[in-house]
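Asker: The following file, coords33.pdb, comprises PDB, C-alpha atoms and all ligand atoms:
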```pdb
MODEL        1
ATOM      1  CA  MET A   1     131.527  -2.989-122.403  1.00  0.00           C
ATOM      2  CA  LYS A   2     130.238  -6.491-122.650  1.00  0.00           C
ATOM      3  CA  CYS A   3     132.129  -7.450-119.606  1.00  0.00           C
ATOM      4  CA  ARG A   4     130.716  -4.519-117.578  1.00  0.00           C
ATOM      5  CA  THR A   5     127.118  -5.151-118.687  1.00  0.00           C
ATOM      6  CA  SER A   6     127.375  -8.782-117.952  1.00  0.00           C
ATOM      7  CA  GLY A   7     129.057  -7.839-114.725  1.00  0.00           C
ATOM      8  CA  HIS A   8     126.124  -5.518-113.946  1.00  0.00           C
ATOM      9  CA  SER A   9     123.597  -8.099-114.811  1.00  0.00           C
ATOM     10  CA  GLU A  10     125.525 -10.645-112.823  1.00  0.00           C
ATOM     11  CA  ARG A  11     125.508  -8.273-109.904  1.00  0.00           C
ATOM     12  CA  TRP A  12     121.798  -7.649-110.414  1.00  0.00           C
ATOM     13  CA  LYS A  13     121.184 -11.352-110.564  1.00  0.00           C
ATOM     14  CA  LEU A  14     123.285 -11.815-107.542  1.00  0.00           C
ATOM     15  CA  GLY A  15     121.294  -9.047-105.820  1.00  0.00           C
ATOM     16  CA  THR A  16     118.018 -10.739-106.700  1.00  0.00           C
ATOM     17  CA  MET A  17     119.344 -14.035-105.528  1.00  0.00           C
ATOM     18  CA  VAL A  18     120.413 -12.522-102.291  1.00  0.00           C
ATOM     19  CA  ALA A  19     117.030 -10.812-101.969  1.00  0.00           C
ATOM     20  CA  THR A  20     115.182 -14.040-102.740  1.00  0.00           C
ATOM     21  CA  SER A  21     117.320 -16.149-100.574  1.00  0.00           C
ATOM     22  CA  ASN A  22     117.036 -13.536 -97.850  1.00  0.00           C
ATOM     23  CA  SER A  23     113.236 -13.471 -97.979  1.00  0.00           C
ATOM     24  CA  GLY A  24     113.301 -17.232 -98.251  1.00  0.00           C
ATOM     25  CA  SER A  25     115.517 -17.550 -95.250  1.00  0.00           C
ATOM     26  CA  ARG A  26     113.385 -14.983 -93.415  1.00  0.00           C
ATOM     27  CA  LYS A  27     110.368 -17.189 -93.984  1.00  0.00           C
ATOM     28  CA  GLY A  28     112.447 -20.116 -92.896  1.00  0.00           C
ATOM     29  CA  PHE A  29     113.583 -18.169 -89.869  1.00  0.00           C
ATOM     30  CA  SER A  30     110.064 -17.187 -88.831  1.00  0.00           C
ATOM     31  CA  LYS A  31     109.030 -20.781 -89.317  1.00  0.00           C
ATOM     32  CA  PHE A  32     111.944 -21.786 -87.163  1.00  0.00           C
ATOM     33  CA  ILE A  33     110.852 -19.247 -84.542  1.00  0.00           C
ATOM     34  CA  GLU A  34     107.296 -20.560 -84.700  1.00  0.00           C
ATOM     35  CA  GLU A  35     108.513 -24.118 -84.330  1.00  0.00           C
ATOM     36  CA  SER A  36     110.856 -23.269 -81.524  1.00  0.00           C
ATOM     37  CA  ASN A  37     108.023 -21.340 -79.874  1.00  0.00           C
ATOM     38  CA  MET A  38     105.876 -24.409 -80.122  1.00  0.00           C
ATOM     39  CA  LYS A  39     108.740 -26.433 -78.771  1.00  0.00           C
ATOM     40  CA  ALA A  40     109.183 -23.907 -75.984  1.00  0.00           C
ATOM     41  CA  ASN A  41     105.476 -24.097 -75.231  1.00  0.00           C
ATOM     42  CA  ARG A  42     105.639 -27.849 -75.117  1.00  0.00           C
ATOM     43  CA  THR A  43     108.682 -27.642 -72.886  1.00  0.00           C
ATOM     44  CA  LYS A  44     106.853 -25.180 -70.647  1.00  0.00           C
ATOM     45  CA  LEU A  45     103.848 -27.479 -70.487  1.00  0.00           C
ATOM     46  CA  ILE A  46     106.029 -30.445 -69.606  1.00  0.00           C
ATOM     47  CA  ALA A  47     107.841 -28.345 -67.013  1.00  0.00           C
ATOM     48  CA  ILE A  48     104.527 -27.227 -65.523  1.00  0.00           C
ATOM     49  CA  ILE A  49     103.284 -30.803 -65.362  1.00  0.00           C
ATOM     50  CA  PHE A  50     106.555 -32.013 -63.854  1.00  0.00           C
ATOM     51  CA  PHE A  51     106.448 -29.305 -61.219  1.00  0.00           C
ATOM     52  CA  SER A  52     102.764 -29.413 -60.454  1.00  0.00           C
ATOM     53  CA  VAL A  53     102.400 -33.189 -60.195  1.00  0.00           C
ATOM     54  CA  PRO A  54     104.650 -33.519 -57.117  1.00  0.00           C
ATOM     55  CA  PHE A  55     102.909 -30.501 -55.592  1.00  0.00           C
ATOM     56  CA  PHE A  56      99.563 -32.088 -56.319  1.00  0.00           C
ATOM     57  CA  LEU A  57     100.716 -35.357 -54.802  1.00  0.00           C
ATOM     58  CA  LEU A  58     102.127 -33.539 -51.807  1.00  0.00           C
ATOM     59  CA  THR A  59      98.914 -31.661 -51.154  1.00  0.00           C
ATOM     60  CA  VAL A  60      96.776 -34.764 -51.580  1.00  0.00           C
ATOM     61  CA  PHE A  61      98.903 -37.271 -49.702  1.00  0.00           C
ATOM     62  CA  ASN A  62     100.529 -34.999 -47.185  1.00  0.00           C
ATOM     63  CA  VAL A  63      97.118 -34.240 -45.708  1.00  0.00           C
ATOM     64  CA  THR A  64      96.939 -37.675 -44.093  1.00  0.00           C
ATOM     65  CA  PRO A  65     100.498 -37.900 -42.695  1.00  0.00           C
ATOM     66  CA  ALA A  66     100.149 -34.328 -41.436  1.00  0.00           C
ATOM     67  CA  LYS A  67      97.010 -35.290 -39.553  1.00  0.00           C
ATOM     68  CA  VAL A  68      98.661 -38.421 -38.166  1.00  0.00           C
ATOM     69  CA  GLY A  69     101.658 -36.340 -37.111  1.00  0.00           C
ATOM     70  CA  ALA A  70      99.360 -33.827 -35.468  1.00  0.00           C
ATOM     71  CA  ALA A  71      97.817 -36.731 -33.538  1.00  0.00           C
ATOM     72  CA  VAL A  72     100.757 -36.542 -31.128  1.00  0.00           C
ATOM     73  CA  ASP A  73      99.443 -33.221 -29.817  1.00  0.00           C
ATOM     74  CA  GLU A  74      95.842 -33.897 -30.621  1.00  0.00           C
ATOM     75  CA  PRO A  75      94.505 -37.101 -29.070  1.00  0.00           C
ATOM     76  CA  ALA A  76      91.009 -35.698 -29.604  1.00  0.00           C
ATOM     77  CA  ALA A  77      91.399 -35.800 -33.387  1.00  0.00           C
ATOM     78  CA  THR A  78      92.878 -39.314 -33.326  1.00  0.00           C
ATOM     79  CA  TYR A  79      90.159 -40.503 -30.976  1.00  0.00           C
ATOM     80  CA  LYS A  80      87.437 -39.128 -33.246  1.00  0.00           C
ATOM     81  CA  ALA A  81      89.084 -40.632 -36.319  1.00  0.00           C
ATOM     82  CA  LYS A  82      90.121 -44.054 -35.033  1.00  0.00           C
ATOM     83  CA  CYS A  83      88.430 -44.896 -31.760  1.00  0.00           C
ATOM     84  CA  ALA A  84      85.016 -43.234 -31.537  1.00  0.00           C
ATOM     85  CA  VAL A  85      83.594 -45.755 -34.049  1.00  0.00           C
ATOM     86  CA  CYS A  86      83.716 -48.462 -31.396  1.00  0.00           C
ATOM     87  CA  HIS A  87      84.011 -46.547 -28.151  1.00  0.00           C
ATOM     88  CA  SER A  88      81.455 -43.819 -28.995  1.00  0.00           C
ATOM     89  CA  PRO A  89      82.437 -40.145 -28.951  1.00  0.00           C
ATOM     90  CA  THR A  90      82.051 -40.075 -25.158  1.00  0.00           C
ATOM     91  CA  ALA A  91      83.995 -43.313 -24.425  1.00  0.00           C
ATOM     92  CA  SER A  92      80.818 -44.841 -23.085  1.00  0.00           C
ATOM     93  CA  LYS A  93      81.472 -48.253 -24.684  1.00  0.00           C
ATOM     94  CA  PHE A  94      84.116 -50.880 -23.869  1.00  0.00           C
ATOM     95  CA  TYR A  95      85.842 -48.537 -21.484  1.00  0.00           C
ATOM     96  CA  ASP A  96      86.220 -48.707 -17.753  1.00  0.00           C
ATOM     97  CA  ALA A  97      87.697 -45.553 -16.248  1.00  0.00           C
ATOM     98  CA  ALA A  98      88.172 -47.405 -12.949  1.00  0.00           C
ATOM     99  CA  LYS A  99      91.051 -49.359 -14.471  1.00  0.00           C
ATOM    100  CA  PRO A 100      94.525 -47.810 -14.270  1.00  0.00           C
ATOM    101  CA  ASP A 101      96.192 -45.885 -17.095  1.00  0.00           C
ATOM    102  CA  GLU A 102      98.857 -48.595 -17.508  1.00  0.00           C
ATOM    103  CA  HIS A 103      96.137 -51.099 -18.342  1.00  0.00           C
ATOM    104  CA  HIS A 104      94.536 -48.711 -20.842  1.00  0.00           C
ATOM    105  CA  VAL A 105      97.872 -47.936 -22.523  1.00  0.00           C
ATOM    106  CA  GLU A 106      98.673 -51.649 -22.675  1.00  0.00           C
ATOM    107  CA  VAL A 107      95.321 -52.454 -24.339  1.00  0.00           C
ATOM    108  CA  ILE A 108      95.701 -49.563 -26.796  1.00  0.00           C
ATOM    109  CA  MET A 109      99.199 -50.704 -27.778  1.00  0.00           C
ATOM    110  CA  LYS A 110      98.670 -54.466 -27.880  1.00  0.00           C
ATOM    111  CA  GLY A 111      94.947 -54.724 -28.487  1.00  0.00           C
ATOM    112  CA  LYS A 112      92.617 -57.138 -26.799  1.00  0.00           C
ATOM    113  CA  LYS A 113      90.630 -59.937 -28.270  1.00  0.00           C
ATOM    114  CA  GLY A 114      87.400 -60.445 -26.389  1.00  0.00           C
ATOM    115  CA  GLU A 115      84.862 -63.193 -26.839  1.00  0.00           C
ATOM    116  CA  LYS A 116      83.057 -61.650 -29.802  1.00  0.00           C
ATOM    117  CA  PRO A 117      83.666 -58.740 -32.176  1.00  0.00           C
ATOM    118  CA  PRO A 118      84.329 -55.896 -32.249  1.00  0.00           C
ATOM    119  CA  PHE A 119      87.839 -56.596 -31.015  1.00  0.00           C
ATOM    120  CA  MET A 120      90.126 -53.910 -29.729  1.00  0.00           C
ATOM    121  CA  PRO A 121      92.893 -53.609 -32.349  1.00  0.00           C
ATOM    122  CA  GLY A 122      96.505 -53.166 -31.241  1.00  0.00           C
ATOM    123  CA  PHE A 123      97.769 -49.801 -32.367  1.00  0.00           C
ATOM    124  CA  GLU A 124     101.482 -50.333 -31.756  1.00  0.00           C
ATOM    125  CA  SER A 125     101.693 -52.387 -34.949  1.00  0.00           C
ATOM    126  CA  LYS A 126     100.026 -49.476 -36.750  1.00  0.00           C
ATOM    127  CA  GLY A 127     102.837 -47.144 -35.778  1.00  0.00           C
ATOM    128  CA  MET A 128     101.426 -45.646 -32.594  1.00  0.00           C
ATOM    129  CA  THR A 129     103.950 -44.591 -29.974  1.00  0.00           C
ATOM    130  CA  GLU A 130     103.518 -45.118 -26.258  1.00  0.00           C
ATOM    131  CA  GLY A 131     103.330 -41.345 -25.873  1.00  0.00           C
ATOM    132  CA  GLU A 132     100.373 -41.200 -28.218  1.00  0.00           C
ATOM    133  CA  ALA A 133      98.698 -44.122 -26.415  1.00  0.00           C
ATOM    134  CA  LYS A 134      99.190 -42.327 -23.082  1.00  0.00           C
ATOM    135  CA  GLY A 135      97.688 -39.193 -24.607  1.00  0.00           C
ATOM    136  CA  LEU A 136      94.683 -41.170 -25.800  1.00  0.00           C
ATOM    137  CA  ALA A 137      94.249 -42.930 -22.455  1.00  0.00           C
ATOM    138  CA  ALA A 138      94.317 -39.540 -20.727  1.00  0.00           C
ATOM    139  CA  TYR A 139      91.891 -38.144 -23.271  1.00  0.00           C
ATOM    140  CA  MET A 140      89.437 -41.029 -22.688  1.00  0.00           C
ATOM    141  CA  ARG A 141      89.733 -40.578 -18.957  1.00  0.00           C
ATOM    142  CA  GLY A 142      88.996 -36.895 -19.470  1.00  0.00           C
ATOM    143  CA  LEU A 143      85.837 -37.802 -21.378  1.00  0.00           C
ATOM    144  CA  LYS A 144      84.668 -39.834 -18.386  1.00  0.00           C
ATOM    145  CA  THR A 145      85.620 -37.369 -15.698  1.00  0.00           C
ATOM    146  CA  PRO A 146      84.392 -33.953 -16.733  1.00  0.00           C
TER
HETATM  147  C1  LIG B 201      87.011 -52.148 -33.738  1.00  0.00           C
HETATM  148  C2  LIG B 201      86.528 -51.452 -32.550  1.00  0.00           C
HETATM  149  C3  LIG B 201      87.532 -50.685 -31.722  1.00  0.00           C
HETATM  150  C4  LIG B 201      88.345 -49.667 -32.093  1.00  0.00           C
HETATM  151  C5  LIG B 201      88.512 -49.066 -33.473  1.00  0.00           C
HETATM  152  C6  LIG B 201      89.037 -49.241 -30.908  1.00  0.00           C
HETATM  153  N1  LIG B 201      88.679 -50.002 -29.855  1.00  0.00           N
HETATM  154 FE1  LIG B 201      89.381 -49.825 -27.993  1.00  0.00          FE
HETATM  155  N2  LIG B 201      88.339 -51.465 -27.429  1.00  0.00           N
HETATM  156  C7  LIG B 201      87.423 -52.134 -28.216  1.00  0.00           C
HETATM  157  C8  LIG B 201      86.837 -53.219 -27.458  1.00  0.00           C
HETATM  158  C9  LIG B 201      85.786 -54.194 -27.958  1.00  0.00           C
HETATM  159  C10 LIG B 201      87.441 -53.178 -26.186  1.00  0.00           C
HETATM  160  C11 LIG B 201      87.183 -54.095 -25.006  1.00  0.00           C
HETATM  161  C12 LIG B 201      88.187 -55.232 -25.077  1.00  0.00           C
HETATM  162  C13 LIG B 201      87.977 -56.196 -23.936  1.00  0.00           C
HETATM  163  O1  LIG B 201      88.099 -55.769 -22.786  1.00  0.00           O
HETATM  164  O2  LIG B 201      87.708 -57.353 -24.233  1.00  0.00           O
HETATM  165  C14 LIG B 201      88.364 -52.058 -26.200  1.00  0.00           C
HETATM  166  C15 LIG B 201      89.156 -51.694 -25.143  1.00  0.00           C
HETATM  167  C16 LIG B 201      89.875 -50.522 -25.075  1.00  0.00           C
HETATM  168  C17 LIG B 201      90.517 -50.021 -23.883  1.00  0.00           C
HETATM  169  C18 LIG B 201      90.550 -50.730 -22.533  1.00  0.00           C
HETATM  170  C19 LIG B 201      89.301 -50.317 -21.777  1.00  0.00           C
HETATM  171  C20 LIG B 201      89.190 -50.992 -20.447  1.00  0.00           C
HETATM  172  O3  LIG B 201      88.568 -50.374 -19.565  1.00  0.00           O
HETATM  173  O4  LIG B 201      89.712 -52.080 -20.291  1.00  0.00           O
HETATM  174  C21 LIG B 201      91.052 -48.824 -24.193  1.00  0.00           C
HETATM  175  C22 LIG B 201      91.808 -47.883 -23.280  1.00  0.00           C
HETATM  176  C23 LIG B 201      90.786 -48.604 -25.584  1.00  0.00           C
HETATM  177  N3  LIG B 201      90.062 -49.649 -26.085  1.00  0.00           N
HETATM  178  C24 LIG B 201      91.192 -47.502 -26.275  1.00  0.00           C
HETATM  179  C25 LIG B 201      91.036 -47.347 -27.635  1.00  0.00           C
HETATM  180  C26 LIG B 201      91.635 -46.292 -28.389  1.00  0.00           C
HETATM  181  C27 LIG B 201      92.457 -45.155 -27.817  1.00  0.00           C
HETATM  182  C28 LIG B 201      91.311 -46.506 -29.687  1.00  0.00           C
HETATM  183  C29 LIG B 201      91.715 -45.673 -30.887  1.00  0.00           C
HETATM  184  C30 LIG B 201      93.114 -45.421 -31.086  1.00  0.00           C
HETATM  185  C31 LIG B 201      90.491 -47.683 -29.736  1.00  0.00           C
HETATM  186  N4  LIG B 201      90.359 -48.193 -28.485  1.00  0.00           N
HETATM  187  C32 LIG B 201      89.942 -48.209 -30.901  1.00  0.00           C
HETATM  188  C33 LIG B 201      87.104 -51.838 -29.522  1.00  0.00           C
HETATM  189  C34 LIG B 201      87.750 -50.893 -30.292  1.00  0.00           C
ENDMDL
END
```
Once more with this new file: its structure as C-alpha cells, please.
Answerer:
Amino acid sequence: MKCRTSGHSERWKLGTMVATSNSGSRKGFSKFIEESNMKANRTKLIAIIFFSVPFFLLTVFNVTPAKVGAAVDEPAATYKAKCAVCHSPTASKFYDAAKPDEHHVEVIMKGKKGEKPPFMPGFESKGMTEGEAKGLAAYMRGLKTP
C-alpha cells in the first residue's frame, strides 16, 4: 500500500517534473529559435552586405572602364571627354587638318610641348592604343571636313 502510494506520488511528481521541465525547455527552445532567428537575420544582413558591396563597386567603378573600353569604337565620346577641352568641340584650336594623319597620330601618342601652355599631353602613356589614336585623328579630320 505504502509502496504503491509513494510510487503513485513519485510518478505524479515525476509527471510534474517532466511537465515543468518540458514547458521550461519549450521556453528555452523558443528562446533558442528567437536567438537563432536573430542570428540568421544577422547572417542574412551580412550576406546581403557582402553580396551587394561588390555589385555596388562594380556599378560605380565599372562605369568608367566601360566608357574607356567603348572609346575604341567611339572616338566621338573620347574626344568630347578628353580633347574638346583644349581643341574645342569642333577641333578649331591647335589643329591643322592640312598635316598628315601620321603626324596627328604621333602627336596624340607622344604629346607635344609647345612654347607655352596648354601643352598637348601624350596619350600613349595613359594607355591609349595606336588604333584609338588613329580613330581620334580620323574623327578630328571629320570635324574639319564635313
Ligand atoms: C591640355 C590641352 C590639350 C588636350 C587635353 C589635348 N590636346 Fe591635342 N594639342 C594641344 C595643343 C596645345 C596642341 C598643339 C601642340 C603644338 O603643335 O605645339 C595639340 C596638338 C594636337 C594634335 C596635332 C595637331 C596638328 O595639326 O599638329 C592633334 C592631332 C591632337 N592634339 C589631338 C588631340 C586629341 C585626340 C586629344 C584627346 C585624346 C587631345 N589632343 C587632347 C592641347 C591639348
Asker: Kindly assemble as a tab-separated table a list of the chain A residues that lie within 10 Å of ligand LIG 201 (chain B), each paired with its nearest atom pair and their distance in Å to one decimal, using only C-alpha atoms and all ligand atoms, sorted first by chain and then by ascending residue number.
Answerer:
```
residue	atom	partner	partner_atom	distance
A:Pro75	CA	B:LIG201	C27	8.4
A:Ala76	CA	B:LIG201	C27	9.7
A:Thr78	CA	B:LIG201	C30	6.5
A:Tyr79	CA	B:LIG201	C29	5.4
A:Lys80	CA	B:LIG201	C29	8.2
A:Ala81	CA	B:LIG201	C29	7.9
A:Lys82	CA	B:LIG201	C29	4.7
A:Cys83	CA	B:LIG201	C29	3.5
A:Ala84	CA	B:LIG201	C32	7.0
A:Val85	CA	B:LIG201	C5	6.0
A:Cys86	CA	B:LIG201	C2	4.3
A:His87	CA	B:LIG201	N1	6.1
A:Ser88	CA	B:LIG201	C6	9.5
A:Ala91	CA	B:LIG201	C24	8.5
A:Lys93	CA	B:LIG201	C8	7.8
A:Phe94	CA	B:LIG201	C11	4.6
A:Tyr95	CA	B:LIG201	O3	3.8
A:Asp96	CA	B:LIG201	O3	3.4
A:Ala97	CA	B:LIG201	O3	5.9
A:Ala98	CA	B:LIG201	O3	7.3
A:Lys99	CA	B:LIG201	O3	5.8
A:Pro100	CA	B:LIG201	O3	8.4
A:Asp101	CA	B:LIG201	C22	7.8
A:Glu102	CA	B:LIG201	C22	9.1
A:His103	CA	B:LIG201	O4	6.8
A:His104	CA	B:LIG201	C22	3.8
A:Val105	CA	B:LIG201	C22	6.1
A:Glu106	CA	B:LIG201	C22	7.9
A:Val107	CA	B:LIG201	C18	5.4
A:Ile108	CA	B:LIG201	C24	5.0
A:Met109	CA	B:LIG201	C30	8.7
A:Gly111	CA	B:LIG201	C15	7.3
A:Lys112	CA	B:LIG201	C12	5.1
A:Lys113	CA	B:LIG201	O2	5.6
A:Gly114	CA	B:LIG201	O2	3.8
A:Glu115	CA	B:LIG201	O2	7.0
A:Lys116	CA	B:LIG201	C9	8.2
A:Pro117	CA	B:LIG201	C9	6.6
A:Pro118	CA	B:LIG201	C9	4.8
A:Phe119	CA	B:LIG201	C9	4.4
A:Met120	CA	B:LIG201	C7	3.6
A:Pro121	CA	B:LIG201	C6	6.0
A:Gly122	CA	B:LIG201	C32	8.2
A:Phe123	CA	B:LIG201	C30	6.5
A:Glu124	CA	B:LIG201	C30	9.7
A:Lys126	CA	B:LIG201	C30	9.8
A:Met128	CA	B:LIG201	C30	8.5
A:Glu132	CA	B:LIG201	C27	8.9
A:Ala133	CA	B:LIG201	C27	6.5
A:Lys134	CA	B:LIG201	C27	8.7
A:Gly135	CA	B:LIG201	C27	8.6
A:Leu136	CA	B:LIG201	C27	5.0
A:Ala137	CA	B:LIG201	C22	5.6
A:Ala138	CA	B:LIG201	C22	9.1
A:Tyr139	CA	B:LIG201	C27	8.4
A:Met140	CA	B:LIG201	C27	7.2
A:Arg141	CA	B:LIG201	C22	8.7
```
Asker: Quick one, how far is CA of Glu74 in chain A from CA of Pro89 in chain A?
Answerer: 14.9 Å
Asker: Could you tell me how far CA of Pro146 in chain A sits from CA of Ser92 in chain A, in Å to one decimal place?
Answerer: 13.1 Å
Asker: Enter the distance from CA of Thr129 in chain A to CA of Gly142 in chain A, in Å, rounded to one decimal.
Answerer: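 Pair CA of Thr129 in chain A / CA of Gly142 in chain A returns 19.8 Å.
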Asker: I'd like the box whose edges run along x, y and z of the file and which contains every listed atom of range 77-88 of chain A, padded by 3 Å per side; could you state its centre and edge lengths in Å, one decimal, as lines of an AutoDock Vina configuration file?
Answerer:
```
center_x = 87.2
center_y = -42.1
center_z = -32.2
size_x = 17.4
size_y = 18.7
size_z = 14.2
```
